[in-house]
>>> print(open('entry-v2.txt').read())   # compact mmCIF, C-alpha atoms
# COMPACT_ATOMS: atom_id res chain seq x y z
CA MET A 5 67.97 23.99 4.36
CA LYS A 6 70.82 23.37 6.74
CA LEU A 7 71.35 25.71 9.65
CA ILE A 8 74.40 27.97 9.68
CA PHE A 9 75.69 29.79 12.73
CA ALA A 10 78.66 32.08 13.23
CA PHE A 11 81.95 30.73 14.53
CA ALA A 12 84.47 33.43 13.71
CA PHE A 13 83.06 36.92 14.22
CA LEU A 14 84.46 38.74 17.23
CA LEU A 15 84.63 42.00 18.52
CA ALA A 16 85.06 39.65 17.43
CA ILE A 17 76.28 34.96 34.66
CA GLY A 18 70.10 31.16 45.70
CA TYR A 19 67.22 32.69 46.16
CA ALA A 20 65.01 33.74 43.33
CA GLY A 21 64.02 37.35 43.76
CA SER A 22 66.48 38.01 46.59
CA PHE A 23 69.03 39.48 44.18
CA LEU A 24 66.50 41.60 42.32
CA GLU A 25 66.56 45.28 43.18
CA GLU A 26 64.96 48.40 41.85
CA GLN A 27 67.14 51.21 40.56
CA PRO A 28 68.44 53.32 43.47
CA THR A 29 68.62 57.07 43.24
CA MET A 30 72.02 58.24 42.00
CA GLU A 31 73.56 61.11 43.90
CA SER A 32 75.18 63.88 41.95
CA GLY A 33 78.87 63.06 41.73
CA ARG A 34 81.82 62.50 39.52
CA VAL A 35 80.41 60.81 36.45
CA PHE A 36 82.42 60.49 33.26
CA LYS A 37 80.87 59.45 29.96
CA LEU A 38 83.10 57.91 27.31
CA GLN A 39 82.03 57.67 23.71
CA LEU A 40 82.54 54.29 22.08
CA GLN A 41 83.24 53.45 18.47
CA LYS A 42 82.34 50.13 16.90
CA SER A 43 84.42 48.15 14.39
CA THR A 44 85.10 44.58 13.40
CA SER A 45 87.84 42.04 12.90
CA GLN A 46 87.77 38.61 11.28
CA ALA A 47 91.44 37.77 11.78
CA PHE A 48 90.85 35.22 14.54
CA SER A 49 88.09 33.18 16.13
CA LYS A 50 86.38 33.95 19.42
CA LYS A 51 87.90 30.76 20.82
CA ASP A 52 91.37 32.12 20.10
CA MET A 53 90.51 35.46 21.68
CA PHE A 54 88.99 33.74 24.70
CA ASP A 55 92.17 31.72 25.12
CA PHE A 56 94.20 34.90 24.71
CA LEU A 57 92.21 36.84 27.28
CA SER A 58 91.38 34.22 29.87
CA THR A 59 93.24 30.92 29.55
CA SER A 60 96.61 29.31 28.86
CA GLN A 61 98.46 32.27 30.35
CA SER A 62 101.93 31.25 31.47
CA TYR A 63 103.77 34.13 33.09
CA TYR A 64 106.69 34.61 35.40
CA LYS A 65 108.38 37.39 37.30
CA GLY A 66 111.88 38.29 36.31
CA PRO A 67 114.09 40.78 34.57
CA SER A 68 112.91 41.75 31.13
CA ASN A 69 114.33 39.81 28.21
CA TYR A 70 113.61 42.65 25.82
CA ASP A 71 115.75 45.55 26.98
CA ASP A 72 118.00 45.17 23.94
CA ILE A 73 115.18 45.63 21.43
CA GLU A 74 115.63 48.92 19.61
CA LEU A 75 112.77 51.37 19.96
CA LEU A 76 110.92 52.24 16.79
CA THR A 77 109.91 55.77 15.91
CA THR A 78 106.61 55.61 15.35
CA GLU A 79 84.96 67.01 39.13
CA THR A 80 82.16 66.66 40.88
CA GLY A 81 78.88 66.72 38.94
CA ARG A 82 80.73 66.81 35.63
CA LYS A 83 79.87 64.36 32.85
CA ASP A 84 82.52 63.62 30.26
CA SER A 85 81.96 61.05 27.55
CA ILE A 86 84.03 58.48 25.75
CA LYS A 87 82.10 57.69 22.61
CA LEU A 88 82.32 54.17 21.24
CA TYR A 89 82.36 53.74 17.48
CA ASN A 90 80.03 51.08 16.08
CA PHE A 91 81.35 49.16 13.08
CA LYS A 92 78.84 46.65 11.72
CA ASN A 93 77.57 45.83 15.20
CA THR A 94 80.54 43.56 15.90
CA GLN A 95 83.01 45.71 17.82
CA TYR A 96 82.94 48.85 19.96
CA THR A 97 86.09 50.88 20.49
CA GLY A 98 86.95 54.01 22.44
CA GLU A 99 90.08 55.95 23.35
CA ILE A 100 92.36 56.06 26.38
CA GLY A 101 95.53 58.06 26.97
CA ILE A 102 98.76 56.52 28.27
CA GLY A 103 101.63 58.67 29.52
CA GLY A 104 99.63 61.79 28.67
CA SER A 105 96.02 62.63 27.92
CA GLU A 106 97.00 63.52 24.34
CA GLU A 107 98.61 60.11 23.66
CA LYS A 108 95.47 58.35 22.46
CA TYR A 109 95.03 54.64 21.81
CA LYS A 110 91.95 52.94 20.40
CA VAL A 111 90.87 50.09 22.69
CA ILE A 112 88.13 47.62 23.43
CA PHE A 113 86.72 47.98 26.95
CA ASP A 114 86.28 44.35 27.91
CA THR A 115 84.37 43.17 31.00
CA GLY A 116 85.49 39.61 30.15
CA SER A 117 89.19 40.14 30.89
CA ALA A 118 91.28 41.97 33.49
CA ASN A 119 94.61 42.99 31.93
CA ILE A 120 95.49 45.94 29.71
CA TRP A 121 97.31 45.10 26.46
CA ILE A 122 98.90 47.80 24.29
CA ASN A 123 101.26 47.44 21.32
CA SER A 124 104.79 48.43 22.28
CA ALA A 125 107.23 50.47 20.19
CA ARG A 126 109.72 47.67 20.85
CA CYS A 127 107.68 45.24 18.77
CA ARG A 128 108.72 44.84 15.12
CA ASP A 129 106.10 42.26 14.15
CA TYR A 130 103.49 43.17 11.57
CA GLY A 131 100.58 43.01 14.01
CA CYS A 132 102.28 45.68 16.12
CA LEU A 133 103.52 47.87 13.29
CA ASN A 134 99.99 47.97 11.88
CA HIS A 135 98.80 49.93 14.94
CA LYS A 136 99.79 52.83 17.13
CA GLN A 137 102.61 51.79 19.47
CA TYR A 138 103.36 52.91 23.00
CA ASP A 139 106.87 54.27 23.64
CA GLY A 140 107.70 54.46 27.34
CA THR A 141 110.90 56.44 26.74
CA LYS A 142 108.78 59.41 25.73
CA SER A 143 106.78 59.43 28.97
CA SER A 144 108.07 61.08 32.16
CA THR A 145 105.65 58.96 34.25
CA TYR A 146 106.73 55.56 32.84
CA GLN A 147 107.66 52.93 35.45
CA LYS A 148 109.52 49.75 34.57
CA LEU A 149 108.18 46.75 36.50
CA GLY A 150 109.79 43.91 34.54
CA TYR A 151 107.10 41.23 34.70
CA ASP A 152 106.86 39.00 31.63
CA LEU A 153 103.53 37.73 30.31
CA ASP A 154 103.38 34.99 27.68
CA VAL A 155 99.97 34.07 26.30
CA GLU A 156 99.56 31.08 24.01
CA PHE A 157 96.42 30.39 21.99
CA GLY A 158 95.21 28.44 18.97
CA THR A 159 96.84 30.44 16.18
CA GLY A 160 99.83 32.05 17.84
CA GLU A 161 101.40 33.69 20.84
CA LEU A 162 101.71 37.10 22.44
CA ILE A 163 104.70 38.00 24.58
CA GLY A 164 104.34 41.05 26.76
CA GLU A 165 106.12 42.95 29.50
CA ILE A 166 104.11 44.44 32.34
CA ASN A 167 105.12 48.01 33.18
CA ALA A 168 103.21 51.05 34.44
CA ASP A 169 102.31 54.60 33.47
CA ASP A 170 99.56 57.12 34.06
CA VAL A 171 96.39 56.27 32.14
CA TYR A 172 93.64 58.71 31.14
CA VAL A 173 90.04 57.56 30.65
CA GLY A 174 87.73 60.43 29.81
CA GLY A 175 88.24 62.95 32.61
CA VAL A 176 89.79 60.40 34.97
CA LYS A 177 93.56 60.16 35.51
CA ILE A 178 94.76 56.84 36.97
CA LYS A 179 98.29 57.10 38.35
CA GLY A 180 100.76 54.26 37.96
CA GLN A 181 98.44 51.87 36.14
CA ASP A 182 100.13 48.62 35.17
CA PHE A 183 99.61 47.28 31.65
CA SER A 184 101.22 44.79 29.31
CA GLU A 185 103.28 46.11 26.42
CA ILE A 186 103.14 43.66 23.52
CA VAL A 187 106.77 43.14 22.50
CA ARG A 188 106.32 40.02 20.34
CA GLU A 189 103.34 38.85 18.33
CA ASN A 190 103.41 35.45 16.67
CA GLY A 191 100.20 34.93 14.73
CA ASP A 192 97.31 37.15 13.76
CA VAL A 193 95.72 38.13 17.06
CA PHE A 194 95.84 41.87 16.43
CA ALA A 195 97.25 42.03 12.90
CA GLN A 196 93.93 42.70 11.13
CA SER A 197 92.10 44.25 14.07
CA ASP A 198 90.84 47.80 14.22
CA PHE A 199 92.09 48.53 17.74
CA ASP A 200 95.43 49.20 19.43
CA GLY A 201 94.73 47.31 22.62
CA ILE A 202 92.30 45.92 25.19
CA VAL A 203 91.32 47.31 28.59
CA GLY A 204 90.08 44.58 30.92
CA LEU A 205 87.33 45.50 33.39
CA ALA A 206 86.79 42.15 35.11
CA TYR A 207 87.68 41.37 38.72
CA PRO A 208 91.31 41.44 39.93
CA SER A 209 91.31 37.67 40.60
CA MET A 210 91.62 37.26 36.82
CA ALA A 211 94.57 39.64 36.42
CA ALA A 212 98.16 38.45 35.97
CA TYR A 213 100.36 38.65 39.10
CA ASN A 214 97.36 39.95 41.08
CA PHE A 215 97.95 43.44 39.73
CA ASN A 216 94.97 45.77 39.93
CA PRO A 217 92.89 46.12 36.76
CA LEU A 218 92.18 49.67 35.68
CA PHE A 219 88.87 50.05 37.50
CA ASP A 220 90.33 48.65 40.72
CA ASN A 221 92.97 51.37 40.68
CA ILE A 222 90.20 53.89 40.10
CA ILE A 223 88.58 52.51 43.26
CA LYS A 224 91.87 52.46 45.19
CA GLN A 225 92.69 56.05 44.24
CA LYS A 226 89.13 57.17 45.15
CA LEU A 227 88.56 58.92 41.86
CA LEU A 228 84.78 58.43 41.76
CA ASP A 229 81.89 58.97 44.14
CA SER A 230 80.25 55.72 42.96
CA ASN A 231 82.37 52.80 41.80
CA VAL A 232 80.11 51.99 38.91
CA PHE A 233 80.48 51.92 35.14
CA SER A 234 77.93 51.27 32.44
CA PHE A 235 77.66 50.61 28.71
CA TYR A 236 75.25 51.80 26.07
CA PHE A 237 75.75 49.94 22.78
CA SER A 238 73.89 51.64 19.96
CA ARG A 239 72.93 49.63 16.88
CA SER A 240 73.58 52.60 14.61
CA GLU A 241 76.49 51.38 12.51
CA GLY A 242 79.31 53.75 11.65
CA THR A 243 78.41 56.21 14.40
CA LYS A 244 79.82 57.27 17.77
CA SER A 245 76.47 57.15 19.53
CA SER A 246 77.52 54.36 21.93
CA GLU A 247 78.97 55.26 25.33
CA LEU A 248 80.91 54.04 28.32
CA THR A 249 79.95 55.95 31.48
CA ILE A 250 82.27 55.87 34.49
CA GLY A 251 80.91 56.77 37.90
CA GLY A 252 77.26 55.90 37.33
CA TRP A 253 74.79 55.49 34.50
CA ASP A 254 72.83 57.61 32.05
CA ASP A 255 69.03 57.47 32.40
CA ASN A 256 68.66 58.80 28.87
CA HIS A 257 69.92 55.55 27.40
CA PHE A 258 67.34 53.14 28.80
CA ALA A 259 63.63 52.81 29.46
CA GLY A 260 62.02 51.62 32.69
CA ASP A 261 63.91 50.59 35.80
CA LEU A 262 67.28 48.92 36.08
CA LYS A 263 67.04 45.40 37.50
CA PHE A 264 70.14 44.29 39.40
CA HIS A 265 71.52 40.78 39.83
CA LYS A 266 74.20 39.70 42.30
CA VAL A 267 77.63 38.61 41.05
CA VAL A 268 78.12 35.02 42.23
CA ASP A 269 81.83 34.61 41.44
CA LYS A 270 84.16 37.62 41.51
CA TYR A 271 86.23 36.62 38.50
CA TYR A 272 84.02 37.36 35.54
CA TRP A 273 80.89 39.44 35.96
CA LEU A 274 79.24 36.08 36.56
CA LEU A 275 75.51 35.81 37.32
CA GLU A 276 73.05 32.99 37.94
CA ALA A 277 70.20 32.39 35.49
CA ASP A 278 66.97 30.61 36.37
CA ALA A 279 66.25 29.40 32.86
CA ILE A 280 66.76 29.93 29.14
CA LEU A 281 63.48 29.73 27.26
CA VAL A 282 62.69 29.25 23.57
CA GLY A 283 59.26 30.53 22.61
CA GLY A 284 58.41 30.67 26.31
CA LYS A 285 59.23 26.98 26.81
CA ASP A 286 61.97 25.37 28.86
CA VAL A 287 63.99 23.16 26.50
CA GLY A 288 66.37 21.92 29.18
CA LEU A 289 69.21 24.42 28.83
CA CYS A 290 69.29 25.17 32.56
CA LYS A 291 68.15 21.97 34.23
CA ASN A 292 69.65 22.96 37.58
CA GLY A 293 70.14 26.64 36.90
CA CYS A 294 73.07 27.97 34.90
CA LYS A 295 75.64 30.72 34.83
CA VAL A 296 75.84 33.68 32.47
CA VAL A 297 78.63 36.22 31.95
CA ALA A 298 78.08 39.85 30.96
CA ASP A 299 80.97 40.32 28.52
CA THR A 300 81.39 43.50 26.48
CA GLY A 301 84.40 42.05 24.66
CA THR A 302 82.40 39.29 22.94
CA SER A 303 80.22 40.03 19.93
CA LEU A 304 78.05 36.93 20.01
CA LEU A 305 76.08 34.80 22.41
CA THR A 306 78.10 31.75 23.40
CA GLY A 307 77.13 28.62 25.25
CA PRO A 308 78.38 25.18 26.23
CA SER A 309 78.69 23.09 23.05
CA ASP A 310 76.01 20.50 23.77
CA ASP A 311 73.51 23.00 25.14
CA LEU A 312 74.11 25.36 22.24
CA MET A 313 73.33 22.58 19.76
CA THR A 314 70.05 22.04 21.59
CA LEU A 315 69.28 25.75 21.35
CA ILE A 316 70.10 25.89 17.64
CA ASP A 317 67.91 22.89 16.91
CA SER A 318 65.07 24.50 18.87
CA LEU A 319 65.35 27.81 17.02
CA ASN A 320 65.56 26.17 13.57
CA ILE A 321 66.89 29.20 11.68
CA ASP A 322 66.67 28.78 7.90
CA GLU A 323 69.76 29.97 6.03
CA ASP A 324 67.59 31.44 3.27
CA CYS A 325 65.66 33.50 5.83
CA LYS A 326 62.37 31.66 5.24
CA GLY A 327 59.90 32.10 8.08
CA VAL A 328 62.24 34.46 9.87
CA LYS A 329 59.33 36.50 11.22
CA GLU A 330 57.96 33.38 12.91
CA LEU A 331 61.15 32.48 14.78
CA PRO A 332 60.62 32.09 18.56
CA VAL A 333 61.64 34.56 21.23
CA LEU A 334 64.81 33.60 23.11
CA THR A 335 64.57 34.51 26.81
CA PHE A 336 67.18 34.62 29.54
CA VAL A 337 65.52 34.55 32.98
CA LEU A 338 67.53 36.05 35.86
CA ASP A 339 65.98 36.32 39.32
CA GLY A 340 62.55 36.02 37.74
CA VAL A 341 63.16 38.84 35.23
CA HIS A 342 62.66 37.91 31.58
CA TYR A 343 65.14 39.37 29.07
CA ASP A 344 63.70 38.68 25.63
CA LEU A 345 65.62 38.53 22.36
CA ASP A 346 63.61 38.22 19.18
CA ALA A 347 64.86 37.13 15.76
CA ASN A 348 65.88 40.67 14.95
CA ASP A 349 68.30 40.46 17.87
CA TYR A 350 69.82 36.98 17.51
CA VAL A 351 69.84 36.50 13.71
CA MET A 352 72.58 38.08 11.59
CA LYS A 353 71.75 38.94 8.01
CA ILE A 354 74.64 38.40 5.60
CA ASP A 355 74.67 39.63 2.00
CA ALA A 356 76.32 37.95 -1.00
CA ASN A 357 79.63 39.70 -0.20
CA GLY A 358 79.73 38.44 3.38
CA ASN A 359 78.74 41.78 4.93
CA GLU A 360 76.28 41.95 7.79
CA LEU A 361 73.15 43.88 6.88
CA PRO A 362 71.57 46.51 9.16
CA TYR A 363 69.18 45.25 11.83
CA GLN A 364 66.10 46.80 10.29
CA THR A 365 66.41 44.67 7.13
CA LEU A 366 64.87 41.78 9.06
CA ALA A 367 61.58 43.64 9.26
CA SER A 368 60.27 41.42 6.48
CA SER A 369 61.66 38.30 4.86
CA GLU A 370 60.88 39.83 1.46
CA SER A 371 63.59 42.45 2.04
CA PHE A 372 66.17 39.76 1.43
CA VAL A 373 64.68 38.90 -1.93
CA GLU A 374 64.98 42.55 -2.97
CA MET A 375 68.69 42.47 -2.14
CA GLY A 376 69.36 39.65 -4.56
CA ASP A 377 70.43 36.05 -4.32
CA GLY A 378 73.07 34.93 -1.90
CA CYS A 379 71.76 36.61 1.25
CA GLN A 380 71.74 34.38 4.31
CA CYS A 381 70.44 34.35 7.85
CA ILE A 382 72.75 32.94 10.52
CA GLY A 383 72.42 32.73 14.28
CA SER A 384 74.57 35.03 16.40
CA PHE A 385 75.85 32.09 18.43
CA MET A 386 79.09 30.26 18.99
CA PRO A 387 79.97 27.20 21.08
CA LEU A 388 82.43 27.94 23.86
CA ASP A 389 83.18 25.60 26.75
CA ILE A 390 84.36 27.69 29.69
CA PRO A 391 86.14 25.38 32.16
CA ASN A 392 85.42 24.97 35.86
CA PRO A 393 85.17 26.59 38.30
CA GLN A 394 83.59 29.52 36.42
CA GLY A 395 82.07 27.30 33.76
CA PRO A 396 80.11 25.89 32.21
CA ALA A 397 78.56 29.26 31.45
CA TRP A 398 76.82 31.24 28.72
CA ILE A 399 78.29 34.54 27.56
CA LEU A 400 75.94 37.46 27.04
CA GLY A 401 77.91 39.32 24.39
CA ASP A 402 77.05 42.39 22.35
CA THR A 403 74.06 40.60 20.80
CA PHE A 404 72.44 40.83 24.23
CA LEU A 405 74.14 43.99 25.50
CA SER A 406 73.10 46.09 22.50
CA LYS A 407 69.47 45.46 23.44
CA PHE A 408 69.93 45.89 27.18
CA TYR A 409 71.80 48.74 28.83
CA SER A 410 74.25 47.25 31.33
CA VAL A 411 75.56 48.60 34.65
CA TYR A 412 78.54 47.12 36.53
CA ASP A 413 78.46 48.05 40.21
CA ARG A 414 81.61 47.28 42.21
CA ASP A 415 80.24 48.95 45.34
CA HIS A 416 77.58 46.24 45.61
CA ASP A 417 79.02 43.53 43.27
CA ARG A 418 76.03 43.40 40.97
CA VAL A 419 75.07 43.87 37.33
CA GLY A 420 72.01 45.80 36.22
CA PHE A 421 70.07 45.59 32.95
CA ALA A 422 67.37 47.73 31.39
CA ARG A 423 65.92 47.98 27.88
CA SER A 424 68.10 50.31 25.79
CA ARG A 425 66.53 53.13 23.85
>>> encode(input="entry-v2.txt", output="structure tokens")
Amino acid sequence: MKLIFAFAFLLAIGYAGSFLEEQPTMESGRVFKLQLQKSTSQAFSKKDMFDFLSTSQSYYKGPSNYDDIELLTTETGRKDSIKLYNFKNTQYTGEIGIGGSEEKYKVIFDTGSANIWINSARCRDYGCLNHKQYDGTKSSTYQKLGYDLDVEFGTGELIGEINADDVYVGGVKIKGQDFSEIVRENGDVFAQSDFDGIVGLAYPSMAAYNFNPLFDNIIKQKLLDSNVFSFYFSRSEGTKSSELTIGGWDDNHFAGDLKFHKVVDKYYWLLEADAILVGGKDVGLCKNGCKVVADTGTSLLTGPSDDLMTLIDSLNIDEDCKGVKELPVLTFVLDGVHYDLDANDYVMKIDANGNELPYQTLASSESFVEMGDGCQCIGSFMPLDIPNPQGPAWILGDTFLSKFYSVYDRDHDRVGFARSR
């Protein structure tokens, strides 16, 4: 049978061993835990979202062109949590406050981008009206900055205006955080999505106009004892058992020691990989080493087009789920550490109605027969050619990050992984 792999689900990185470190002891300090919620959207492809978040951004400084648009009515030692909701293992969302801790917006916390995008009350387009909208006139801490941001992508365009307000993340208040209000939406970027915006957590070199991303303002305002955040992505669908922790990590969410790897380009959370193995064998995916990106805003594993075709051929996933238990282990090797994904991790199970089935249904291939005809197995992969200088690179999306707890350490510019539990 022909192989099928996913293209459109979204939401939807020197010296070997020298970057590898054991988990240091965390001092008691200001740690905030944020619960995450997971949901899904099929309104646009990952390529479109990648373009939206990271490429083709033409922006300019100047007075706003949207002033005439009518507004629409629409501690130390403490651990707070933002729970992330899991919807079908394709999207994790949590809440932030803007202009007041009670003004909540559902967002994706995205380590693969650096700007904040929120629907504005000045936007009359369907994609905006379908979500909660921010109204700066109702906030006493709103600051007009007047920077325009125009993002073009495959299926449309977003036009935003960068302004500032106080932002609340768990128990942390960030004063004067800049963000982009979406004032025009042409296309379906957010129209069918289950979130009101995106919070970028990448490095400031990616941000428009060199404004500080949210976590950089947290660092600048000295709101934490340790400038670290971490993600636990549960695979329990429809629950709020996933978490974003700010100020450290939670030992209860992983087994063994964290292994840290140095960031090699402070744009993405970009790491160097030694090899990518299939069934323990090198199939030529990292002939001279390769780059990988830890990206919480991407659901799938992505890779350069040609290399991904090689990987797919090597895995040989059958669409009817035959021999699924015999599929090889896929391994990413970073600084000598092997991070193994088995078929239960990298194969999505789709029923006759197009719904992804729970992970445990892959325990035996016979389980698909019991569910009736029309069930399919597809690889959780997508081709994506990231341009130089950051690319070519593989993206370790939620397929990887739901198996491995991830820690993002700005104090030491490193990313840590450990087996989630």
>>> atom_distance(input="entry-v2.txt", atom1="CA of Val171 (chain A)", atom2="CA of Glu107 (chain A)")
9.6 Å
>>> residues_around(input="entry-v2.txt", residues="Val111 (chain A)", least_positions_apart="5", cutoff="7 Å", atoms="only C-alpha atoms", output="list in words")
Thr97, Gly98, Glu99, Phe199, Asp200, Gly201, Ile202 and Val203 of chain A
>>> atom_distance(input="entry-v2.txt", atom1="CA of Lys266 (chain A)", atom2="CA of Val173 (chain A)")
26.6 Å
>>> closest_residue(input="entry-v2.txt", among="A:Lys148, A:Lys87, A:His265, A:Lys285", to="Lys244 (chain A)", atoms="only C-alpha atoms")
A:Lys87
>>> closest_residue(input="entry-v2.txt", among="A:Leu331, A:Met352, A:Lys295, A:Val419", to="Asn392 (chain A)", atoms="only C-alpha atoms")
A:Lys295
>>> closest_residue(input="entry-v2.txt", among="A:Phe421, A:Tyr412, A:Phe385, A:Trp398", to="Ser230 (chain A)", atoms="only C-alpha atoms")
A:Tyr412
>>> closest_residue(input="entry-v2.txt", among="A:Asn134, A:Asp310, A:Asp169, A:Thr141", to="Ser105 (chain A)", atoms="all atoms listed in the file")
A:Asp169
>>> atom_distance(input="entry-v2.txt", atom1="CA of Phe215 (chain A)", atom2="CA of Gly180 (chain A)")
11.3 Å
>>> residues_around(input="entry-v2.txt", residues="Ser209 (chain A)", least_positions_apart="3", cutoff="9 Å", atoms="all atoms listed in the file", output="list in words")
Ala118, Ala206, Ala212, Asn214, Phe215, Asn216, Lys270, Tyr271 and Tyr272 of chain A
>>> closest_residue(input="entry-v2.txt", among="A:Tyr109, A:Asp182, A:Gly104, A:Asn119", to="Ser144 (chain A)", atoms="all atoms listed in the file")
A:Gly104
>>> closest_residue(input="entry-v2.txt", among="A:Leu274, A:Val282, A:Leu304, A:Ile112", to="Leu334 (chain A)", atoms="all atoms listed in the file")
A:Val282
>>> residues_around(input="entry-v2.txt", residues="region 312-323 of chain A", least_positions_apart="4", cutoff="12 Å", atoms="only C-alpha atoms", output="JSON, numbers by chain")
{"A": [5, 6, 7, 8, 9, 10, 280, 281, 282, 283, 284, 285, 286, 287, 288, 289, 290, 305, 306, 307, 308, 327, 328, 329, 330, 331, 332, 333, 334, 335, 345, 346, 347, 348, 350, 351, 352, 353, 354, 355, 369, 372, 378, 379, 380, 381, 382, 383, 384, 385, 386, 387, 388, 389, 396, 397, 398, 399]}
